[in-house]
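J.: I'm passing along entry16.csv; it holds CSV, C-alpha atoms.
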chain,number,residue,atom,x,y,z
A,184,MET,CA,61.9,91.7,73.4
A,185,CYS,CA,58.2,92.6,73.7
A,186,ASP,CA,56.4,89.5,72.3
A,187,CYS,CA,53.9,88.0,74.6
A,188,ILE,CA,51.8,84.8,74.6
A,189,ARG,CA,48.4,84.0,76.1
A,190,VAL,CA,48.1,80.5,77.5
A,191,LYS,CA,44.7,78.9,78.5
A,192,ILE,CA,44.8,75.6,80.4
A,193,ASN,CA,42.0,73.4,81.8
A,194,GLY,CA,43.5,70.4,83.5
A,195,ASP,CA,43.9,68.7,86.9
A,196,SER,CA,44.1,72.0,88.7
A,197,GLY,CA,41.2,73.6,86.9
A,198,PHE,CA,41.1,76.5,84.4
A,199,GLN,CA,43.9,79.0,84.3
A,200,GLU,CA,44.7,81.8,81.8
A,201,TYR,CA,48.1,83.4,81.7
A,202,ASN,CA,49.4,86.5,79.7
A,203,LEU,CA,53.1,85.8,79.7
A,204,GLU,CA,55.9,88.3,78.8
A,205,THR,CA,59.0,87.0,77.2
A,206,ALA,CA,61.4,85.5,79.8
A,207,GLY,CA,64.4,85.4,77.5
A,208,GLN,CA,65.7,83.6,74.4
A,209,PHE,CA,66.5,79.9,73.9
A,210,ASN,CA,67.7,78.4,70.6
A,211,GLY,CA,67.4,81.8,68.9
A,212,GLU,CA,63.7,82.3,69.8
A,213,ASN,CA,61.7,83.8,72.7
A,214,TYR,CA,60.6,81.5,75.5
A,215,TRP,CA,58.0,81.8,78.3
A,216,THR,CA,57.5,80.2,81.7
A,217,PHE,CA,54.6,79.7,84.1
A,218,THR,CA,53.5,77.6,87.1
A,219,TYR,CA,50.5,75.3,87.0
A,220,GLY,CA,49.4,72.8,89.6
A,221,GLY,CA,52.6,73.4,91.6
A,222,PHE,CA,54.9,72.6,88.6
A,223,THR,CA,57.0,75.0,86.6
A,224,PHE,CA,56.7,74.8,82.8
A,225,PHE,CA,58.5,76.3,79.9
A,226,ILE,CA,57.3,77.0,76.3
A,227,CYS,CA,60.4,77.1,74.1
A,228,TYR,CA,61.6,76.4,70.6
A,229,LEU,CA,63.2,73.0,70.2
A,230,GLY,CA,65.8,74.1,67.6
A,231,GLY,CA,68.4,71.9,66.3
A,232,GLY,CA,67.1,69.4,63.7
A,233,GLY,CA,63.5,69.9,64.8
A,234,THR,CA,61.1,72.7,64.0
A,235,CYS,CA,58.8,72.2,67.0
A,236,TRP,CA,57.7,74.3,69.9
A,237,VAL,CA,57.7,72.2,73.1
A,238,LEU,CA,56.3,72.4,76.6
A,239,THR,CA,58.9,71.3,79.1
A,240,GLN,CA,58.7,70.7,82.8
A,241,ALA,CA,61.2,72.0,85.4
A,242,SER,CA,63.7,73.5,82.9
A,243,LEU,CA,64.2,74.5,79.3
A,244,THR,CA,65.8,71.2,78.6
A,245,GLY,CA,63.6,69.2,80.9
A,246,PHE,CA,61.0,66.5,80.3
A,247,ILE,CA,58.9,67.3,77.1
A,248,VAL,CA,55.3,67.2,78.0
A,249,THR,CA,54.0,68.0,74.5
A,250,ARG,CA,55.0,69.6,71.2
A,251,HIS,CA,53.6,71.7,68.4
A,252,CYS,CA,55.2,71.6,65.0
A,253,PRO,CA,53.3,74.1,62.8
A,254,PRO,CA,54.5,75.3,59.4
A,255,SER,CA,56.6,78.4,59.7
A,256,GLY,CA,53.8,80.6,58.4
A,257,ASN,CA,51.7,79.6,61.4
A,258,ILE,CA,54.1,81.1,63.9
A,259,CYS,CA,52.4,84.2,65.2
A,260,THR,CA,54.8,87.0,66.4
A,261,LYS,CA,57.5,84.4,67.1
A,262,ALA,CA,55.0,82.5,69.4
A,263,PRO,CA,53.3,79.1,68.8
A,264,MET,CA,49.6,79.5,68.2
A,265,SER,CA,47.0,76.8,68.5
A,266,PRO,CA,43.4,77.9,69.0
A,267,ASP,CA,42.2,74.3,69.3
A,268,THR,CA,42.1,71.7,72.0
A,269,PRO,CA,44.7,69.0,72.1
A,270,SER,CA,44.7,66.3,69.4
A,271,ASN,CA,47.2,63.9,67.9
A,272,ASP,CA,48.1,66.2,65.0
A,273,PRO,CA,51.2,68.3,65.9
A,274,LEU,CA,51.0,70.1,62.6
A,275,THR,CA,47.8,72.0,63.6
A,276,MET,CA,47.8,72.0,67.4
A,277,TRP,CA,49.6,70.9,70.5
A,278,ASN,CA,50.0,67.1,70.5
A,279,PHE,CA,49.7,65.4,73.9
A,280,ILE,CA,51.5,62.2,72.8
A,281,PHE,CA,53.1,61.9,76.3
A,282,GLN,CA,49.7,61.9,78.2
A,283,PRO,CA,48.8,61.1,80.8
A,284,ILE,CA,51.0,62.9,83.4
A,285,PRO,CA,49.9,65.3,86.2
A,286,PRO,CA,48.8,67.9,86.2
A,287,PHE,CA,47.7,67.3,82.6
A,288,ALA,CA,46.2,63.8,83.2
A,289,ASN,CA,42.7,65.1,82.6
A,290,MET,CA,43.5,67.8,80.1
A,291,THR,CA,40.4,69.3,78.3
A,292,GLN,CA,42.0,72.5,77.0
A,293,PHE,CA,45.4,73.9,76.2
A,294,GLU,CA,45.6,76.9,73.9
A,295,THR,CA,48.3,79.3,73.0
A,296,GLU,CA,48.3,82.5,70.9
A,297,GLY,CA,50.7,85.4,70.4
A,298,ILE,CA,49.4,88.7,71.7
A,299,THR,CA,50.6,92.3,72.0
A,300,CYS,CA,52.2,92.7,75.4
A,301,PRO,CA,49.9,94.9,77.6
A,302,THR,CA,53.0,96.6,79.1
A,303,CYS,CA,55.1,96.8,76.0
A,304,ASP,CA,57.0,100.1,76.1
A,305,GLN,CA,55.4,100.9,79.4
A,306,GLU,CA,57.9,99.3,81.7
A,307,ASP,CA,58.7,100.9,85.1
A,308,ARG,CA,61.5,103.4,84.8
A,309,THR,CA,64.8,102.6,86.5
A,310,LYS,CA,66.4,105.5,88.4
A,311,LYS,CA,70.1,105.7,88.8
A,312,SER,CA,72.1,108.4,90.4
A,313,PHE,CA,75.8,109.2,90.2
A,314,ASN,CA,77.8,111.5,92.4
A,315,SER,CA,79.8,114.3,90.8
A,316,ILE,CA,82.3,116.5,92.6
A,317,LYS,CA,84.2,119.6,91.8
A,318,LEU,CA,87.8,118.7,91.1
A,319,PRO,CA,90.3,120.9,93.0
A,320,SER,CA,92.4,123.1,90.9
A,321,ASP,CA,95.0,125.9,91.1
A,322,PHE,CA,94.1,129.2,89.4
A,323,VAL,CA,97.1,130.5,87.4
A,324,GLU,CA,96.8,134.2,86.7
A,325,ASP,CA,97.7,135.7,83.3
A,326,ASP,CA,100.7,138.0,83.1
A,327,ARG,CA,99.1,141.2,81.9
A,328,GLY,CA,101.9,143.5,83.1
A,329,LEU,CA,100.4,144.1,86.6
A,330,LYS,CA,101.1,140.7,88.1
A,331,GLU,CA,101.5,141.0,91.8
A,332,CYS,CA,104.1,139.2,93.8
A,333,CYS,CA,103.2,135.7,95.0
A,334,CYS,CA,100.9,135.8,98.0
A,335,VAL,CA,102.4,134.6,101.3
A,336,TYR,CA,100.3,134.5,104.5
A,337,LYS,CA,101.8,135.5,107.8
A,338,VAL,CA,101.2,133.1,110.7
A,339,LEU,CA,102.4,133.3,114.3
A,340,SER,CA,102.9,130.5,116.9
A,341,ASP,CA,102.7,130.6,120.6
A,342,PRO,CA,102.9,127.7,123.1
A,343,GLY,CA,100.5,129.3,125.7
A,344,SER,CA,96.8,129.1,126.1
A,345,ASP,CA,96.0,132.6,124.7
A,346,THR,CA,94.2,131.7,121.5
A,347,TRP,CA,94.8,135.1,119.9
A,348,LYS,CA,98.6,134.5,119.9
A,349,ASN,CA,98.7,131.2,118.1
A,350,ASP,CA,97.4,130.7,114.5
A,351,LYS,CA,95.8,127.7,112.9
A,352,THR,CA,95.2,126.9,109.3
A,353,SER,CA,92.7,124.4,108.0
A,354,ALA,CA,92.4,122.8,104.6
A,355,TRP,CA,89.9,120.4,103.1
A,356,ILE,CA,89.1,118.2,100.1
A,357,LYS,CA,86.3,116.1,98.8
A,358,VAL,CA,86.8,112.9,96.7
A,359,SER,CA,84.3,110.9,94.7
A,360,ASP,CA,84.5,107.5,96.5
A,361,PRO,CA,86.6,105.6,99.0
A,362,SER,CA,88.9,104.3,96.3
A,363,ASP,CA,90.2,107.8,95.6
A,364,THR,CA,93.4,108.9,97.4
A,365,PHE,CA,94.8,112.1,98.7
A,366,THR,CA,97.5,113.4,101.0
A,367,PHE,CA,97.9,116.7,103.0
A,368,VAL,CA,101.6,117.6,102.7
A,369,LEU,CA,103.4,120.5,104.6
A,370,LYS,CA,106.7,121.5,103.1
A,371,LYS,CA,109.4,123.8,104.4
A,372,ASN,CA,111.6,125.3,101.7
A,373,GLY,CA,110.3,122.6,99.3
A,374,VAL,CA,111.1,119.6,101.6
A,375,ALA,CA,108.4,117.7,103.5
A,376,THR,CA,108.3,118.6,107.2
A,377,THR,CA,108.8,116.4,110.2
A,378,TYR,CA,105.3,117.5,111.3
A,379,THR,CA,102.7,115.4,109.5
A,380,PRO,CA,99.3,116.8,108.9
A,381,THR,CA,96.5,114.6,110.2
A,382,SER,CA,93.5,113.8,108.0
A,383,VAL,CA,90.1,113.9,109.6
A,384,GLN,CA,86.9,112.8,108.0
A,385,PHE,CA,83.9,115.1,108.1
A,386,PRO,CA,81.3,113.4,110.3
A,387,ASN,CA,78.3,114.3,108.1
A,388,GLU,CA,79.9,114.4,104.6
A,389,PRO,CA,81.1,111.0,103.1
A,390,ASN,CA,84.4,111.1,101.2
A,391,ALA,CA,85.3,114.6,102.5
A,392,TYR,CA,88.3,115.3,104.8
A,393,TYR,CA,90.1,118.1,106.5
A,394,THR,CA,93.3,118.9,108.3
A,395,THR,CA,94.1,121.6,110.8
A,396,ILE,CA,97.7,122.9,111.1
A,397,ASN,CA,98.5,124.1,114.6
A,398,TRP,CA,101.4,126.3,113.9
A,399,ASN,CA,102.8,126.0,117.4
A,400,ASP,CA,103.2,122.2,116.8
A,401,VAL,CA,105.0,123.0,113.6
A,402,MET,CA,107.3,125.4,115.5
A,403,VAL,CA,108.3,122.6,117.9
A,404,THR,CA,109.2,120.1,115.2
A,405,ASP,CA,110.4,122.3,112.3
A,406,GLY,CA,111.0,125.8,113.6
A,407,ILE,CA,110.6,129.3,112.0
A,408,GLY,CA,110.6,129.5,108.2
A,409,CYS,CA,108.7,129.5,105.0
A,410,TYR,CA,106.1,126.8,104.5
A,411,GLU,CA,103.7,125.6,101.8
A,412,LEU,CA,100.6,123.4,102.4
A,413,LYS,CA,99.7,121.2,99.5
A,414,ILE,CA,97.1,118.5,98.7
A,415,SER,CA,98.1,115.6,96.4
A,416,TYR,CA,95.2,113.7,95.1
A,417,SER,CA,93.9,111.0,92.7
A,418,ILE,CA,90.2,111.4,92.1
A,419,SER,CA,88.4,109.2,89.5
A,420,GLY,CA,91.7,108.5,87.8
A,421,ILE,CA,92.7,112.1,87.6
A,422,THR,CA,95.8,113.0,89.6
A,423,GLY,CA,97.0,116.4,90.6
A,424,GLU,CA,98.4,118.6,93.3
A,425,LEU,CA,96.8,121.7,94.8
A,426,SER,CA,98.7,124.4,96.6
A,427,TRP,CA,96.5,125.5,99.5
A,428,GLY,CA,98.8,128.4,100.5
A,429,LYS,CA,102.3,129.6,101.3
A,430,TYR,CA,103.0,130.8,104.9
A,431,ASP,CA,105.7,132.8,106.6
A,432,MET,CA,105.8,131.5,110.2
A,433,ASP,CA,107.4,133.2,113.2
A,434,ARG,CA,107.0,133.3,116.9
A,435,TYR,CA,104.3,135.5,118.4
A,436,SER,CA,105.5,138.8,119.8
A,437,ILE,CA,104.2,142.3,119.9
A,438,GLU,CA,106.8,143.3,117.3
A,439,ASN,CA,105.9,140.4,114.9
A,440,ALA,CA,102.2,141.0,115.3
A,441,LEU,CA,102.2,144.8,114.8
A,442,ASN,CA,100.2,146.3,112.0
A,443,THR,CA,98.2,143.1,111.6
A,444,SER,CA,94.6,142.0,112.4
A,445,ARG,CA,93.2,138.5,112.6
A,446,ILE,CA,89.9,136.7,112.5
A,447,ARG,CA,89.4,133.2,113.8
A,448,ALA,CA,86.4,131.2,112.4
A,449,ILE,CA,84.8,127.9,113.3
A,450,PHE,CA,82.9,126.3,110.5
A,451,ASN,CA,79.9,124.1,111.2
A,452,GLY,CA,77.4,124.4,108.3
A,453,TYR,CA,76.9,123.3,104.7
A,454,GLN,CA,79.2,125.1,102.3
A,455,GLU,CA,77.4,124.9,99.0
A,456,GLU,CA,80.2,126.0,96.8
A,457,GLU,CA,82.5,123.4,98.2
A,458,GLN,CA,79.6,120.9,98.4
A,459,ILE,CA,80.8,119.9,101.9
A,460,ASP,CA,78.7,119.6,105.0
A,461,PHE,CA,80.8,120.9,107.9
A,462,SER,CA,78.1,120.3,110.5
A,463,GLY,CA,79.4,118.5,113.6
A,464,SER,CA,83.0,119.1,112.7
A,465,ASP,CA,83.8,122.5,114.2
A,466,VAL,CA,86.7,123.1,111.8
A,467,GLU,CA,88.8,126.0,113.1
A,468,SER,CA,91.0,128.3,111.0
A,469,THR,CA,92.5,131.7,111.4
A,470,PHE,CA,93.3,134.4,108.9
A,471,ARG,CA,95.9,137.1,109.6
A,472,PHE,CA,96.1,140.2,107.4
A,473,HIS,CA,97.5,143.7,107.3
A,474,GLY,CA,94.6,146.0,108.3
A,475,TYR,CA,92.7,147.2,111.3
A,476,ILE,CA,89.8,146.0,113.5
A,477,GLY,CA,88.0,148.4,115.8
A,478,ASN,CA,86.0,151.6,115.5
A,479,ARG,CA,83.5,150.4,118.1
A,480,GLN,CA,80.1,152.1,118.0
A,481,PRO,CA,77.9,151.3,121.0
A,482,ASN,CA,74.6,151.9,119.1
A,483,GLN,CA,72.9,152.3,122.4
A,484,GLU,CA,69.1,151.7,122.5
A,485,THR,CA,67.3,153.6,125.2
A,486,ASP,CA,63.8,153.2,126.6
A,487,ASN,CA,62.7,155.8,129.2
A,488,ILE,CA,59.5,156.5,130.9
A,489,ILE,CA,57.9,159.8,132.0
A,490,TYR,CA,55.9,159.8,135.3
A,491,ASN,CA,52.9,162.0,136.2
A,492,ASN,CA,55.2,164.5,137.9
A,493,ARG,CA,57.1,164.8,134.5
A,494,GLU,CA,60.1,163.0,135.9
A,495,MET,CA,61.8,160.8,133.4
A,496,LYS,CA,63.4,157.5,134.4
A,497,ARG,CA,65.2,154.7,132.7
A,498,VAL,CA,63.4,151.5,131.7
A,499,ILE,CA,66.1,149.7,129.8
A,500,ARG,CA,69.3,150.6,128.0
A,501,GLU,CA,71.3,148.3,125.8
A,502,ASN,CA,74.6,148.7,123.9
A,503,LEU,CA,74.5,146.8,120.6
A,504,ASN,CA,78.2,147.2,119.9
A,505,SER,CA,79.4,147.1,116.3
A,506,TYR,CA,83.0,147.0,115.0
A,507,GLU,CA,84.7,147.4,111.6
A,508,ILE,CA,87.0,144.9,109.9
A,509,ILE,CA,89.2,146.9,107.5
A,510,THR,CA,92.0,145.6,105.3
A,511,ASP,CA,94.8,147.5,103.9
A,512,PRO,CA,94.5,147.7,100.1
A,513,SER,CA,95.3,144.0,99.3
A,514,ASP,CA,95.6,141.4,96.6
A,515,ASP,CA,92.8,139.1,95.6
A,516,CYS,CA,94.4,136.2,97.5
A,517,ILE,CA,93.7,138.2,100.7
A,518,ILE,CA,90.2,139.5,99.9
A,519,ARG,CA,88.7,136.4,98.3
A,520,PRO,CA,89.2,134.1,101.3
A,521,LEU,CA,87.7,136.7,103.6
A,522,VAL,CA,84.7,137.4,101.5
A,523,ASP,CA,84.0,133.8,100.2
A,524,THR,CA,84.9,131.7,103.2
A,525,TYR,CA,85.5,133.4,106.5
A,526,LEU,CA,82.9,136.1,106.5
A,527,LEU,CA,80.4,133.9,104.6
A,528,SER,CA,80.6,130.5,106.3
A,529,GLU,CA,81.5,131.3,109.9
A,530,ASN,CA,79.4,129.8,112.6
A,531,GLN,CA,81.6,131.3,115.3
A,532,LEU,CA,83.8,134.4,114.6
A,533,PHE,CA,86.4,136.0,116.8
A,534,ILE,CA,88.3,139.2,116.1
A,535,SER,CA,91.8,140.3,117.2
A,536,ASP,CA,93.8,143.5,116.5
A,537,TYR,CA,97.5,144.1,117.0
A,538,ASN,CA,97.9,147.7,115.9
A,539,ALA,CA,99.7,150.1,118.2
A,540,HIS,CA,97.4,153.0,117.3
A,541,ASN,CA,94.1,151.2,118.1
A,542,PRO,CA,92.3,153.1,120.9
A,543,SER,CA,91.5,149.7,122.5
A,544,TYR,CA,93.8,146.8,123.1
A,545,ARG,CA,90.9,144.6,124.2
A,546,TYR,CA,90.4,143.0,120.8
A,547,GLN,CA,91.6,139.6,121.8
A,548,ASP,CA,89.4,136.9,120.1
A,549,LEU,CA,86.3,138.9,120.8
A,550,PRO,CA,83.2,136.9,119.7
A,551,VAL,CA,81.2,138.6,117.0
A,552,ILE,CA,78.9,137.9,114.1
A,553,VAL,CA,78.6,139.5,110.7
A,554,SER,CA,75.9,142.1,110.7
A,555,GLU,CA,76.3,143.8,107.4
A,556,SER,CA,77.6,142.7,104.0
A,557,PRO,CA,81.3,143.3,103.3
A,558,SER,CA,81.9,146.2,101.0
A,559,LEU,CA,84.9,146.4,98.6
A,560,GLU,CA,86.6,149.6,97.5
A,561,TYR,CA,88.5,149.6,94.3
A,562,PHE,CA,91.2,152.0,93.1
A,563,ASP,CA,91.9,153.2,89.6
A,564,PHE,CA,94.8,151.5,87.8
A,565,SER,CA,95.5,149.3,90.7
A,566,ARG,CA,94.8,145.6,91.5
A,567,LYS,CA,94.5,146.3,95.2
A,568,VAL,CA,91.2,146.2,96.9
A,569,LYS,CA,90.1,147.4,100.4
A,570,LEU,CA,87.5,145.5,102.3
A,571,THR,CA,85.3,146.8,105.1
A,572,CYS,CA,82.9,144.7,107.0
A,573,VAL,CA,80.7,145.6,110.0
A,574,VAL,CA,80.4,142.9,112.7
A,575,SER,CA,78.6,143.1,116.1
A,576,ASP,CA,78.7,141.4,119.5
A,577,LYS,CA,77.9,137.7,119.3
A,578,PHE,CA,76.1,137.9,122.7
A,579,LYS,CA,73.7,140.8,123.2
A,580,ASN,CA,74.0,141.0,127.0
A,581,LYS,CA,75.3,144.5,127.5
A,582,ARG,CA,72.1,146.0,129.0
A,583,THR,CA,70.7,147.6,132.2
A,584,TYR,CA,67.1,147.3,133.4
A,585,PHE,CA,64.9,146.9,136.5
A,586,LYS,CA,64.4,143.4,137.7
As a first step, turn the structure in this file into structure tokens.

T.:
Amino acid sequence: MCDCIRVKINGDSGFQEYNLETAGQFNGENYWTFTYGGFTFFICYLGGGGTCWVLTQASLTGFIVTRHCPPSGNICTKAPMSPDTPSNDPLTMWNFIFQPIPPFANMTQFETEGITCPTCDQEDRTKKSFNSIKLPSDFVEDDRGLKECCCVYKVLSDPGSDTWKNDKTSAWIKVSDPSDTFTFVLKKNGVATTYTPTSVQFPNEPNAYYTTINWNDVMVTDGIGCYELKISYSISGITGELSWGKYDMDRYSIENALNTSRIRAIFNGYQEEEQIDFSGSDVESTFRFHGYIGNRQPNQETDNIIYNNREMKRVIRENLNSYEIITDPSDDCIIRPLVDTYLLSENQLFISDYNAHNPSYRYQDLPVIVSESPSLEYFDFSRKVKLTCVVSDKFKNKRTYFK
């Protein structure tokens, strides 16, 4: 509806002119409303057995102040038109047969005419936004004749306080609104465990939740065995189940940890691919794999000074240690989490190595930071991939200088 009407009034409250946009429809025609002299008035079509436009007070069906009953041809853009002052002839103009009433007791002018709305097709835009999320899904590989065995992650548990001996696994999910439902489920040999994963909401991401599996707690309640962490969900009417991972859990011992390495990460930033803001959550998760962590290089920086007697002395020396994370040739289920999650999103990263042939046995949750991009080595006619990533000390405090 875009028909407008101009109303000119000169009565008890003086002269007023209104350009009125359609307020709605009544009896199949547009109607308009305005306030004059402290009273609210409506111009509407009488309908029914009458063919008149009427001016009513207080409501569309309120007291009829005046009427105008022109021939149908005189109705301009579905609006009553009378360019004349009031008279007693309703066929040509507004007929004030109910005079005198305030604020029209001393009416000298009342005119109406249909006009083109000044804001027609220029209304303010209405902005609406809708949240969209990425639905969780399992990727099922094609069988091309080189399908690898299902991927099972090795996890170890320990009741002590040594963080490098006990593994933790975190999982997360984002839903569209509070009406959606989800459940973190841990199963042992296909049966739900006594241990129940606890859901925690991200502090700075509405409708996103995570859980952290402390494998020592699982050891206490359910013991050694094969586990699977799943997420059942119903998001925007779509239901499904996501397998987060399968795990072979055992007690920590030197024998069980041999030939493995592990990184422990704490996430505290925005992960764009997941569309989840981890800030303020400090989500902790570990990742154990077959490989090697070590090959320390001191990368020493040296600054010396030569005195007038040609004697050289030290000013400052600093070891900027770097280390290598190296995986055995591994399947995509090992390489992808390392590249796309742990080495990409870590805010805190700790490295541990459990190989007997490592020159140093001191890699026990050593704090580091990624300093070079991970590199991947591929092999002809094999699906295995080898990852190498250079990390360095988190804290650059291994230096000597004069104070």

J.: Which residue, A:Tyr392, A:Trp215, A:Trp427, A:Tyr378, has the smallest gap to Gly406 in chain A when you use only C-alpha atoms?

T.: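 Using only C-alpha atoms, the shortest distance to Gly406 in chain A belongs to A:Tyr378.
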
J.: Which residues, written as a VMD selection string, have at least one atom at most 8 Å from range 551-563 of chain A, with all atoms listed in the file counted and residues fewer than 6 positions away on the same chain left out?

T.: chain A and resid 522 526 531 to 534 569 to 578

J.: Go through A:Asp465, A:Asp341, A:Asp360, A:Glu494 and flag the residue nearest Met432 in chain A, using all atoms listed in the file for the distances.

T.: A:Asp341

J.: Of the candidates A:Val466, A:Val403, A:Ile188, A:Val368, which one gets nearest to Cys300 in chain A if we count only C-alpha atoms?

T.: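 Among A:Val466, A:Val403, A:Ile188, A:Val368, it is A:Ile188 that comes nearest to Cys300 in chain A.
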
J.: Would you please work out which residue, of A:Gly328, A:Gly245, A:Pro286, A:Pro342, is nearest to Phe564 in chain A when using only C-alpha atoms?

T.: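 Residue with the minimum atom-to-atom distance to Phe564 in chain A: A:Gly328.
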
J.: Quick one: distance from CA of Phe322 in chain A to CA of Ile414 in chain A in Å, one decimal?

T.: 14.5 Å

J.: For Lys579 in chain A, find every residue with an atom within 12 Å (counting all atoms listed in the file), except residues of its own chain fewer than 6 positions away, and show them as a short mmCIF file (atom, residue, chain, number, x, y, z; two decimals) with C-alpha atoms, keeping the file's coordinate frame.

T.:
data_model
loop_
_atom_site.label_atom_id
_atom_site.label_comp_id
_atom_site.auth_asym_id
_atom_site.auth_seq_id
_atom_site.Cartn_x
_atom_site.Cartn_y
_atom_site.Cartn_z
CA PRO A 481 77.90 151.30 121.00
CA ASN A 482 74.60 151.90 119.10
CA GLN A 483 72.90 152.30 122.40
CA GLU A 484 69.10 151.70 122.50
CA ARG A 500 69.30 150.60 128.00
CA GLU A 501 71.30 148.30 125.80
CA ASN A 502 74.60 148.70 123.90
CA LEU A 503 74.50 146.80 120.60
CA ASN A 504 78.20 147.20 119.90
CA SER A 505 79.40 147.10 116.30
CA PRO A 550 83.20 136.90 119.70
CA VAL A 551 81.20 138.60 117.00
CA ILE A 552 78.90 137.90 114.10
#

J.: Give me the residues within 10 Å of Leu318 in chain A as a PyMOL selection string, counting all atoms listed in the file and dropping any in the same chain fewer than 3 places off.

T.: chain A and resi 315+356-359+416-419+421-423

J.: Pick out the closest residue to Ala448 in chain A from this set: A:Asn530, A:Thr381, A:Thr485, A:Gln208. Count only C-alpha atoms.

T.: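 Checking each of A:Asn530, A:Thr381, A:Thr485, A:Gln208 against Ala448 in chain A, counting only C-alpha atoms, the winner is A:Asn530.
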
J.: So how many Å separate CA of Gly452 in chain A and CA of Ser426 in chain A, to one decimal?

T.: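 Pair CA of Gly452 in chain A / CA of Ser426 in chain A returns 24.3 Å.
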
J.: With distances taken over only C-alpha atoms, which of A:Thr469, A:Gln458, A:Ser340, A:Ser362 is nearest to Pro520 in chain A?

T.: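 Ranking A:Thr469, A:Gln458, A:Ser340, A:Ser362 by distance to Pro520 in chain A, first place goes to A:Thr469.
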
J.: Between CA of Thr379 in chain A and CA of Ile517 in chain A, what is the distance in Å, rounded to a tenth?

T.: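 Between CA of Thr379 in chain A and CA of Ile517 in chain A the gap is 26.0 Å.
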
J.: Do you know which residues are at most 12 Å from Gly221 in chain A counting all atoms listed in the file, after dropping those on the same chain fewer than 4 positions away, and could you put them as an MDAnalysis selection string?

T.: chainID A and resid 195:196 217 240:241 285:287

J.: If you count all atoms listed in the file, which residues fall within 7 Å of range 382-386 of chain A, apart from same-chain ones fewer than 6 positions away, as a list of chain:residue names?

T.: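 Using all atoms listed in the file, the neighbours found are A:Tyr392, A:Tyr393, A:Thr394, A:Phe461, A:Gly463, A:Ser464.
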